$ cat start03.pdb   # PDB, C-alpha atoms
ATOM      1  CA  MET A 723     -29.664  38.711  -2.694  1.00  0.00           C
ATOM      2  CA  CYS A 724     -32.026  35.751  -2.177  1.00  0.00           C
ATOM      3  CA  PHE A 725     -34.615  34.364  -4.599  1.00  0.00           C
ATOM      4  CA  ALA A 726     -37.455  32.130  -3.379  1.00  0.00           C
ATOM      5  CA  HIS A 727     -38.951  28.939  -4.808  1.00  0.00           C
ATOM      6  CA  ALA A 728     -42.172  28.657  -6.840  1.00  0.00           C
ATOM      7  CA  GLY A 729     -45.067  29.833  -4.693  1.00  0.00           C
ATOM      8  CA  GLY A 730     -42.598  31.365  -2.255  1.00  0.00           C
ATOM      9  CA  ALA A 731     -41.864  34.912  -1.187  1.00  0.00           C
ATOM     10  CA  ALA A 732     -39.163  37.037   0.407  1.00  0.00           C
ATOM     11  CA  SER A 733     -40.321  35.832   3.827  1.00  0.00           C
ATOM     12  CA  ALA A 734     -38.750  32.432   3.066  1.00  0.00           C
ATOM     13  CA  PHE A 735     -35.480  34.050   4.170  1.00  0.00           C
ATOM     14  CA  ARG A 736     -36.863  36.134   7.044  1.00  0.00           C
ATOM     15  CA  THR A 737     -34.808  34.416   9.763  1.00  0.00           C
ATOM     16  CA  TRP A 738     -31.510  34.050   7.895  1.00  0.00           C
ATOM     17  CA  HIS A 739     -30.103  37.249   9.374  1.00  0.00           C
ATOM     18  CA  ARG A 740     -29.865  35.482  12.749  1.00  0.00           C
ATOM     19  CA  HIS A 741     -27.033  33.335  11.442  1.00  0.00           C
ATOM     20  CA  LEU A 742     -25.164  35.895   9.328  1.00  0.00           C
ATOM     21  CA  PRO A 743     -22.105  37.880  10.392  1.00  0.00           C
ATOM     22  CA  GLU A 744     -22.525  41.646  10.574  1.00  0.00           C
ATOM     23  CA  GLU A 745     -20.524  42.286   7.415  1.00  0.00           C
ATOM     24  CA  ILE A 746     -23.067  40.479   5.226  1.00  0.00           C
ATOM     25  CA  GLU A 747     -26.212  42.400   4.341  1.00  0.00           C
ATOM     26  CA  LEU A 748     -29.270  40.311   3.498  1.00  0.00           C
ATOM     27  CA  HIS A 749     -31.809  41.242   0.835  1.00  0.00           C
ATOM     28  CA  ALA A 750     -34.609  39.054  -0.517  1.00  0.00           C
ATOM     29  CA  VAL A 751     -36.484  39.582  -3.766  1.00  0.00           C
ATOM     30  CA  GLN A 752     -40.236  39.944  -3.383  1.00  0.00           C
ATOM     31  CA  TYR A 753     -41.869  38.627  -6.550  1.00  0.00           C
ATOM     32  CA  PRO A 754     -45.076  40.418  -7.622  1.00  0.00           C
ATOM     33  CA  GLY A 755     -48.482  39.014  -6.678  1.00  0.00           C
ATOM     34  CA  ARG A 756     -47.763  37.950  -3.089  1.00  0.00           C
ATOM     35  CA  GLN A 757     -47.585  39.323   0.453  1.00  0.00           C
ATOM     36  CA  ASP A 758     -46.985  43.099   0.361  1.00  0.00           C
ATOM     37  CA  ARG A 759     -47.170  43.003  -3.471  1.00  0.00           C
ATOM     38  CA  PHE A 760     -50.404  41.007  -3.559  1.00  0.00           C
ATOM     39  CA  GLU A 761     -52.291  43.555  -5.660  1.00  0.00           C
ATOM     40  CA  GLU A 762     -49.680  43.498  -8.429  1.00  0.00           C
ATOM     41  CA  SER A 763     -49.991  41.176 -11.402  1.00  0.00           C
ATOM     42  CA  HIS A 764     -48.012  37.955 -11.343  1.00  0.00           C
ATOM     43  CA  VAL A 765     -45.107  37.628 -13.771  1.00  0.00           C
ATOM     44  CA  ASP A 766     -45.039  34.277 -15.576  1.00  0.00           C
ATOM     45  CA  ASP A 767     -42.245  34.946 -18.062  1.00  0.00           C
ATOM     46  CA  MET A 768     -38.604  34.397 -17.143  1.00  0.00           C
ATOM     47  CA  ASP A 769     -37.215  37.172 -19.345  1.00  0.00           C
ATOM     48  CA  ALA A 770     -39.620  39.746 -17.909  1.00  0.00           C
ATOM     49  CA  MET A 771     -38.880  38.658 -14.346  1.00  0.00           C
ATOM     50  CA  ALA A 772     -35.098  38.559 -14.748  1.00  0.00           C
ATOM     51  CA  GLU A 773     -34.874  41.856 -16.611  1.00  0.00           C
ATOM     52  CA  ALA A 774     -36.933  43.742 -14.050  1.00  0.00           C
ATOM     53  CA  ILE A 775     -34.971  42.338 -11.104  1.00  0.00           C
ATOM     54  CA  THR A 776     -31.714  43.157 -12.885  1.00  0.00           C
ATOM     55  CA  ALA A 777     -32.868  46.744 -13.264  1.00  0.00           C
ATOM     56  CA  ALA A 778     -33.763  46.893  -9.564  1.00  0.00           C
ATOM     57  CA  LEU A 779     -30.272  45.639  -8.645  1.00  0.00           C
ATOM     58  CA  ARG A 780     -28.355  48.251 -10.637  1.00  0.00           C
ATOM     59  CA  PRO A 781     -27.963  50.572  -7.616  1.00  0.00           C
ATOM     60  CA  LEU A 782     -26.183  47.738  -5.778  1.00  0.00           C
ATOM     61  CA  ARG A 783     -23.555  47.078  -8.447  1.00  0.00           C
ATOM     62  CA  ASP A 784     -21.025  49.300  -6.689  1.00  0.00           C
ATOM     63  CA  ARG A 785     -20.619  46.773  -3.866  1.00  0.00           C
ATOM     64  CA  PRO A 786     -19.663  43.072  -3.714  1.00  0.00           C
ATOM     65  CA  LEU A 787     -22.756  41.099  -4.617  1.00  0.00           C
ATOM     66  CA  ALA A 788     -23.775  37.455  -4.276  1.00  0.00           C
ATOM     67  CA  LEU A 789     -27.021  35.859  -5.461  1.00  0.00           C
ATOM     68  CA  LEU A 790     -28.695  32.789  -3.974  1.00  0.00           C
ATOM     69  CA  GLY A 791     -31.789  31.112  -5.364  1.00  0.00           C
ATOM     70  CA  HIS A 792     -33.694  28.009  -4.353  1.00  0.00           C
ATOM     71  CA  SER A 793     -35.550  25.785  -6.832  1.00  0.00           C
ATOM     72  CA  MET A 794     -37.280  28.156  -9.305  1.00  0.00           C
ATOM     73  CA  GLY A 795     -35.320  30.932  -7.627  1.00  0.00           C
ATOM     74  CA  ALA A 796     -32.039  29.306  -8.678  1.00  0.00           C
ATOM     75  CA  ALA A 797     -32.985  29.668 -12.341  1.00  0.00           C
ATOM     76  CA  VAL A 798     -34.138  33.264 -11.801  1.00  0.00           C
ATOM     77  CA  ALA A 799     -30.905  34.123  -9.970  1.00  0.00           C
ATOM     78  CA  TYR A 800     -28.855  32.548 -12.777  1.00  0.00           C
ATOM     79  CA  GLU A 801     -30.662  34.619 -15.425  1.00  0.00           C
ATOM     80  CA  VAL A 802     -30.226  37.787 -13.365  1.00  0.00           C
ATOM     81  CA  MET A 803     -26.517  37.083 -12.983  1.00  0.00           C
ATOM     82  CA  ARG A 804     -26.170  36.594 -16.747  1.00  0.00           C
ATOM     83  CA  ARG A 805     -27.750  39.987 -17.324  1.00  0.00           C
ATOM     84  CA  LEU A 806     -25.670  41.721 -14.671  1.00  0.00           C
ATOM     85  CA  GLU A 807     -22.463  40.415 -16.231  1.00  0.00           C
ATOM     86  CA  SER A 808     -23.622  41.338 -19.733  1.00  0.00           C
ATOM     87  CA  GLU A 809     -24.456  44.920 -18.718  1.00  0.00           C
ATOM     88  CA  ALA A 810     -21.264  45.480 -16.744  1.00  0.00           C
ATOM     89  CA  PRO A 811     -18.270  43.591 -18.183  1.00  0.00           C
ATOM     90  CA  ASN A 812     -16.080  44.738 -15.295  1.00  0.00           C
ATOM     91  CA  LEU A 813     -18.577  43.731 -12.615  1.00  0.00           C
ATOM     92  CA  THR A 814     -17.157  41.377 -10.013  1.00  0.00           C
ATOM     93  CA  CYS A 815     -19.717  39.290  -8.187  1.00  0.00           C
ATOM     94  CA  GLU A 816     -18.751  37.185  -5.200  1.00  0.00           C
ATOM     95  CA  ARG A 817     -20.690  34.030  -6.072  1.00  0.00           C
ATOM     96  CA  LEU A 818     -23.908  32.523  -7.431  1.00  0.00           C
ATOM     97  CA  PHE A 819     -25.507  29.931  -5.136  1.00  0.00           C
ATOM     98  CA  VAL A 820     -27.995  27.628  -6.888  1.00  0.00           C
ATOM     99  CA  SER A 821     -30.042  25.416  -4.603  1.00  0.00           C
ATOM    100  CA  GLY A 822     -32.367  22.502  -5.295  1.00  0.00           C
ATOM    101  CA  ARG A 823     -32.374  22.915  -9.057  1.00  0.00           C
ATOM    102  CA  PRO A 824     -30.799  20.982 -11.966  1.00  0.00           C
ATOM    103  CA  ALA A 825     -28.488  22.975 -14.218  1.00  0.00           C
ATOM    104  CA  PRO A 826     -30.277  24.613 -17.177  1.00  0.00           C
ATOM    105  CA  GLU A 827     -28.890  22.157 -19.722  1.00  0.00           C
ATOM    106  CA  VAL A 828     -30.316  19.170 -17.811  1.00  0.00           C
ATOM    107  CA  GLN A 829     -33.490  20.751 -16.439  1.00  0.00           C
ATOM    108  CA  ARG A 830     -36.519  18.494 -16.283  1.00  0.00           C
ATOM    109  CA  PRO A 831     -39.588  19.110 -18.466  1.00  0.00           C
ATOM    110  CA  GLY A 832     -42.911  19.932 -16.832  1.00  0.00           C
ATOM    111  CA  ALA A 833     -46.473  20.763 -17.775  1.00  0.00           C
ATOM    112  CA  LEU A 834     -48.293  21.030 -14.456  1.00  0.00           C
ATOM    113  CA  HIS A 835     -49.148  24.675 -15.160  1.00  0.00           C
ATOM    114  CA  ARG A 836     -51.441  23.468 -17.950  1.00  0.00           C
ATOM    115  CA  GLY A 837     -53.327  21.074 -15.669  1.00  0.00           C
ATOM    116  CA  ASP A 838     -55.970  21.520 -12.992  1.00  0.00           C
ATOM    117  CA  ASP A 839     -55.565  22.986  -9.534  1.00  0.00           C
ATOM    118  CA  ASP A 840     -55.458  19.577  -7.878  1.00  0.00           C
ATOM    119  CA  GLY A 841     -52.355  18.652  -9.859  1.00  0.00           C
ATOM    120  CA  LEU A 842     -50.539  21.764  -8.693  1.00  0.00           C
ATOM    121  CA  ILE A 843     -51.566  21.218  -5.093  1.00  0.00           C
ATOM    122  CA  GLU A 844     -50.492  17.586  -5.187  1.00  0.00           C
ATOM    123  CA  ASP A 845     -47.030  18.588  -6.398  1.00  0.00           C
ATOM    124  CA  VAL A 846     -46.717  21.172  -3.636  1.00  0.00           C
ATOM    125  CA  ARG A 847     -47.867  18.588  -1.095  1.00  0.00           C
ATOM    126  CA  ARG A 848     -45.326  16.084  -2.438  1.00  0.00           C
ATOM    127  CA  LEU A 849     -42.492  18.557  -1.903  1.00  0.00           C
ATOM    128  CA  GLY A 850     -43.771  19.811   1.436  1.00  0.00           C
ATOM    129  CA  ALA A 851     -43.597  23.439   0.352  1.00  0.00           C
ATOM    130  CA  ILE A 852     -46.768  24.667   2.058  1.00  0.00           C
ATOM    131  CA  ALA A 853     -48.261  24.015   5.479  1.00  0.00           C
ATOM    132  CA  PRO A 854     -51.090  21.426   5.302  1.00  0.00           C
ATOM    133  CA  GLU A 855     -53.542  23.848   6.924  1.00  0.00           C
ATOM    134  CA  THR A 856     -53.038  26.279   4.035  1.00  0.00           C
ATOM    135  CA  LEU A 857     -53.888  23.598   1.497  1.00  0.00           C
ATOM    136  CA  ALA A 858     -56.941  22.515   3.503  1.00  0.00           C
ATOM    137  CA  ASP A 859     -58.424  26.003   3.875  1.00  0.00           C
ATOM    138  CA  PRO A 860     -60.516  26.840   0.760  1.00  0.00           C
ATOM    139  CA  THR A 861     -59.944  30.597   1.130  1.00  0.00           C
ATOM    140  CA  LEU A 862     -56.180  30.354   1.570  1.00  0.00           C
ATOM    141  CA  ARG A 863     -55.966  27.772  -1.179  1.00  0.00           C
ATOM    142  CA  GLY A 864     -57.862  30.074  -3.530  1.00  0.00           C
ATOM    143  CA  LEU A 865     -55.440  32.913  -2.812  1.00  0.00           C
ATOM    144  CA  PHE A 866     -52.393  30.683  -3.262  1.00  0.00           C
ATOM    145  CA  ILE A 867     -53.319  28.926  -6.535  1.00  0.00           C
ATOM    146  CA  PRO A 868     -52.852  31.930  -8.894  1.00  0.00           C
ATOM    147  CA  THR A 869     -49.357  32.559  -7.499  1.00  0.00           C
ATOM    148  CA  LEU A 870     -48.429  28.908  -7.760  1.00  0.00           C
ATOM    149  CA  ARG A 871     -49.736  28.562 -11.318  1.00  0.00           C
ATOM    150  CA  ALA A 872     -47.909  31.679 -12.508  1.00  0.00           C
ATOM    151  CA  ASP A 873     -44.642  30.468 -10.998  1.00  0.00           C
ATOM    152  CA  TYR A 874     -45.007  26.983 -12.463  1.00  0.00           C
ATOM    153  CA  ARG A 875     -45.804  28.544 -15.838  1.00  0.00           C
ATOM    154  CA  LEU A 876     -42.650  30.645 -15.591  1.00  0.00           C
ATOM    155  CA  ILE A 877     -40.302  27.825 -14.676  1.00  0.00           C
ATOM    156  CA  GLU A 878     -41.845  25.080 -16.814  1.00  0.00           C
ATOM    157  CA  ARG A 879     -41.652  27.262 -19.930  1.00  0.00           C
ATOM    158  CA  TYR A 880     -38.142  28.466 -19.150  1.00  0.00           C
ATOM    159  CA  SER A 881     -35.670  27.793 -21.939  1.00  0.00           C
ATOM    160  CA  PRO A 882     -32.268  29.445 -21.462  1.00  0.00           C
ATOM    161  CA  SER A 883     -30.872  31.226 -24.491  1.00  0.00           C
ATOM    162  CA  PRO A 884     -27.301  30.519 -25.643  1.00  0.00           C
ATOM    163  CA  GLY A 885     -24.626  32.759 -24.227  1.00  0.00           C
ATOM    164  CA  PRO A 886     -21.173  32.899 -22.692  1.00  0.00           C
ATOM    165  CA  ALA A 887     -20.368  31.144 -19.446  1.00  0.00           C
ATOM    166  CA  LEU A 888     -20.558  33.203 -16.290  1.00  0.00           C
ATOM    167  CA  ARG A 889     -17.398  34.732 -14.884  1.00  0.00           C
ATOM    168  CA  THR A 890     -18.859  34.491 -11.404  1.00  0.00           C
ATOM    169  CA  PRO A 891     -18.011  31.383  -9.343  1.00  0.00           C
ATOM    170  CA  VAL A 892     -20.926  29.020  -8.734  1.00  0.00           C
ATOM    171  CA  THR A 893     -21.824  26.855  -5.757  1.00  0.00           C
ATOM    172  CA  ALA A 894     -24.587  24.268  -6.071  1.00  0.00           C
ATOM    173  CA  LEU A 895     -26.443  23.319  -2.884  1.00  0.00           C
ATOM    174  CA  ILE A 896     -28.624  20.220  -2.632  1.00  0.00           C
ATOM    175  CA  GLY A 897     -30.507  18.105  -0.123  1.00  0.00           C
ATOM    176  CA  GLU A 898     -29.280  14.527  -0.066  1.00  0.00           C
ATOM    177  CA  GLU A 899     -32.838  13.189  -0.415  1.00  0.00           C
ATOM    178  CA  ASP A 900     -34.205  15.835  -2.798  1.00  0.00           C
ATOM    179  CA  PRO A 901     -36.351  14.182  -5.516  1.00  0.00           C
ATOM    180  CA  GLU A 902     -36.040  17.293  -7.695  1.00  0.00           C
ATOM    181  CA  VAL A 903     -32.307  17.201  -8.364  1.00  0.00           C
ATOM    182  CA  THR A 904     -29.678  14.478  -8.482  1.00  0.00           C
ATOM    183  CA  ARG A 905     -26.017  14.968  -7.653  1.00  0.00           C
ATOM    184  CA  GLU A 906     -25.180  14.659 -11.365  1.00  0.00           C
ATOM    185  CA  GLU A 907     -27.769  17.303 -12.290  1.00  0.00           C
ATOM    186  CA  ALA A 908     -26.301  19.632  -9.678  1.00  0.00           C
ATOM    187  CA  LEU A 909     -22.741  18.985 -10.854  1.00  0.00           C
ATOM    188  CA  ALA A 910     -23.810  20.113 -14.333  1.00  0.00           C
ATOM    189  CA  TRP A 911     -23.915  23.692 -12.967  1.00  0.00           C
ATOM    190  CA  SER A 912     -20.109  23.569 -13.230  1.00  0.00           C
ATOM    191  CA  ARG A 913     -20.493  24.034 -16.981  1.00  0.00           C
ATOM    192  CA  THR A 914     -22.299  27.370 -16.549  1.00  0.00           C
ATOM    193  CA  THR A 915     -19.195  29.205 -15.304  1.00  0.00           C
ATOM    194  CA  SER A 916     -15.589  29.798 -16.275  1.00  0.00           C
ATOM    195  CA  GLY A 917     -14.911  30.515 -12.616  1.00  0.00           C
ATOM    196  CA  SER A 918     -14.602  28.076  -9.773  1.00  0.00           C
ATOM    197  CA  PHE A 919     -17.334  25.612  -8.865  1.00  0.00           C
ATOM    198  CA  ALA A 920     -18.275  23.790  -5.688  1.00  0.00           C
ATOM    199  CA  LEU A 921     -21.018  21.368  -4.681  1.00  0.00           C
ATOM    200  CA  ARG A 922     -22.301  21.161  -1.112  1.00  0.00           C
ATOM    201  CA  ASP A 923     -24.942  18.714   0.066  1.00  0.00           C
ATOM    202  CA  PHE A 924     -26.979  18.698   3.276  1.00  0.00           C
ATOM    203  CA  PRO A 925     -29.254  16.203   5.012  1.00  0.00           C
ATOM    204  CA  GLY A 926     -32.871  16.568   3.954  1.00  0.00           C
ATOM    205  CA  ASP A 927     -35.236  16.750   1.011  1.00  0.00           C
ATOM    206  CA  HIS A 928     -36.210  19.582  -1.341  1.00  0.00           C
ATOM    207  CA  PHE A 929     -36.739  21.994   1.539  1.00  0.00           C
ATOM    208  CA  TYR A 930     -33.582  21.127   3.434  1.00  0.00           C
ATOM    209  CA  LEU A 931     -33.090  24.912   3.669  1.00  0.00           C
ATOM    210  CA  THR A 932     -35.704  24.939   6.419  1.00  0.00           C
ATOM    211  CA  THR A 933     -34.528  21.976   8.469  1.00  0.00           C
ATOM    212  CA  GLN A 934     -30.845  22.810   8.026  1.00  0.00           C
ATOM    213  CA  GLU A 935     -31.095  26.607   8.076  1.00  0.00           C
ATOM    214  CA  PRO A 936     -28.195  27.389  10.472  1.00  0.00           C
ATOM    215  CA  GLN A 937     -25.875  24.973   8.671  1.00  0.00           C
ATOM    216  CA  VAL A 938     -26.832  26.292   5.228  1.00  0.00           C
ATOM    217  CA  VAL A 939     -26.447  29.953   6.171  1.00  0.00           C
ATOM    218  CA  ASP A 940     -23.133  29.226   7.896  1.00  0.00           C
ATOM    219  CA  ALA A 941     -21.864  27.478   4.755  1.00  0.00           C
ATOM    220  CA  VAL A 942     -22.939  30.367   2.547  1.00  0.00           C
ATOM    221  CA  ALA A 943     -21.384  32.950   4.857  1.00  0.00           C
ATOM    222  CA  ALA A 944     -18.129  31.001   5.078  1.00  0.00           C
ATOM    223  CA  THR A 945     -17.868  30.998   1.272  1.00  0.00           C
ATOM    224  CA  LEU A 946     -18.299  34.746   0.963  1.00  0.00           C
ATOM    225  CA  THR A 947     -15.532  37.213   1.691  1.00  0.00           C
ATOM    226  CA  PRO A 948     -15.890  39.850   4.411  1.00  0.00           C
ATOM    227  CA  ALA A 949     -16.092  42.423   1.621  1.00  0.00           C
ATOM    228  CA  VAL A 950     -19.618  41.380   0.647  1.00  0.00           C
ATOM    229  CA  SER A 951     -21.108  44.244   2.646  1.00  0.00           C
ATOM    230  CA  HIS A 952     -20.243  46.732   5.344  1.00  0.00           C
ATOM    231  CA  HIS A 953     -23.842  47.754   5.938  1.00  0.00           C
ATOM    232  CA  PRO A 954     -25.555  45.115   8.104  1.00  0.00           C
ATOM    233  CA  SER A 955     -29.308  44.799   7.833  1.00  0.00           C
ATOM    234  CA  GLU A 956     -31.834  42.279   9.075  1.00  0.00           C
ATOM    235  CA  SER A 957     -33.736  42.055   5.805  1.00  0.00           C
ATOM    236  CA  SER A 958     -34.881  44.053   2.838  1.00  0.00           C
ATOM    237  CA  ASP A 959     -37.128  43.385  -0.142  1.00  0.00           C
ATOM    238  CA  GLY A 960     -35.662  43.748  -3.618  1.00  0.00           C
ATOM    239  CA  ARG A 961     -38.315  45.616  -5.573  1.00  0.00           C
ATOM    240  CA  PHE A 962     -39.645  44.571  -8.939  1.00  0.00           C
ATOM    241  CA  LEU A 963     -39.335  47.551 -11.291  1.00  0.00           C
ATOM    242  CA  ARG A 964     -42.702  48.916 -12.354  1.00  0.00           C
TER     243      ARG A 964
END
$ encode --input "start03.pdb" --output "structure tokens"
Amino acid sequence: MCFAHAGGAASAFRTWHRHLPEEIELHAVQYPGRQDRFEESHVDDMDAMAEAITAALRPLRDRPLALLGHSMGAAVAYEVMRRLESEAPNLTCERLFVSGRPAPEVQRPGALHRGDDDGLIEDVRRLGAIAPETLADPTLRGLFIPTLRADYRLIERYSPSPGPALRTPVTALIGEEDPEVTREEALAWSRTTSGSFALRDFPGDHFYLTTQEPQVVDAVAATLTPAVSHHPSESSDGRFLR
């Protein structure tokens, strides 16, 4: 199950199935307020987001499950995994992959969601998250800003509550030139689990997932066991519970 970055959507993972073996089934969470869920209200609270996604994942708990999140999505995936383990003490998840995000205990403060639109756009431009033509088009920019602000509000106000370490193994993925996370900040994810931990770095910046897609997907697939799924699928949206 894949979780996109701030301002992102399920389509961020639309081509990953090309690199996956048949035994791994790909699903991507579609956050409210974008693409086919455009008419739904954005969710700007981590607890509300994580709890609803956890509820939507309950039907999948009878099969091996792995979560992967990038940037904001890494924090959302972590919170969903905490809830899944809390609800089902005997649940065995394959792995949590956290990409492009410092561990919760060393996360960086932020207040861009309280600023003007230009500040948000400048941060997106700095990271290269959105095509320049989208930022230059007033109509597209106007459609994108509410999603971006809600996501920044969610992640910048995120404060993890105390709780037990995960049982699920964790792998941190980073771009070697990512300004958003250092190697030390990524290594701190090792303290979120009592299971095994691994760190894997790739050439590239914050969106190394795009430039290194085949290599990243191959690394993820190689980490997972063949038991992850026996029902191949090109893609599927995880639905936010209404």
$ resolve_selection --input "start03.pdb" --expression "the PyMOL selection byres ((chain A and resi 725) around 9)" --output "PyMOL selection string"
chain A and resi 723-724+726-727+730-732+734-735+750-753+789-796+798-799
$ atom_distance --input "start03.pdb" --atom1 "atom CA of A:Arg871" --atom2 "atom CA of A:Gly850"
16.6 Å
$ resolve_selection --input "start03.pdb" --expression "the PyMOL selection byres ((chain A and resi 765) around 10)" --output "VMD selection string"
chain A and resid 753 to 755 762 to 764 766 to 771 869 872 to 873 875 to 876
$ atom_distance --input "start03.pdb" --atom1 "atom CA of A:Met803" --atom2 "atom CA of A:Ala772"
8.9 Å
$ closest_residue --input "start03.pdb" --among "A:Pro868, A:Ala788, A:Val828, A:Ala858" --to "A:Glu747" --atoms "all atoms listed in the file"
A:Ala788
$ resolve_selection --input "start03.pdb" --expression "the PyMOL selection byres ((chain A and resi 846) around 12)" --output "ChimeraX atom specification"
/A:727-730,834,839-845,847-854,856-857,863,866-867,870-871,874,928-929
$ closest_residue --input "start03.pdb" --among "A:Ala825, A:Leu865, A:Ala894, A:Leu787" --to "A:Ala910" --atoms "all atoms listed in the file"
A:Ala825
$ residues_around --input "start03.pdb" --residues "stretch 807-812 of chain A" --least-positions-apart "2" --cutoff "10 Å" --atoms "all atoms listed in the file" --output "PyMOL selection string"
chain A and resi 776+780+783+802-805+814-815+885-886+888-890
$ residues_near_point --input "start03.pdb" --point "(-18.2, 20.6, -2.4)" --cutoff "10 Å" --atoms "only C-alpha atoms" --output "PyMOL selection string"
chain A and resi 893-895+909+919-923
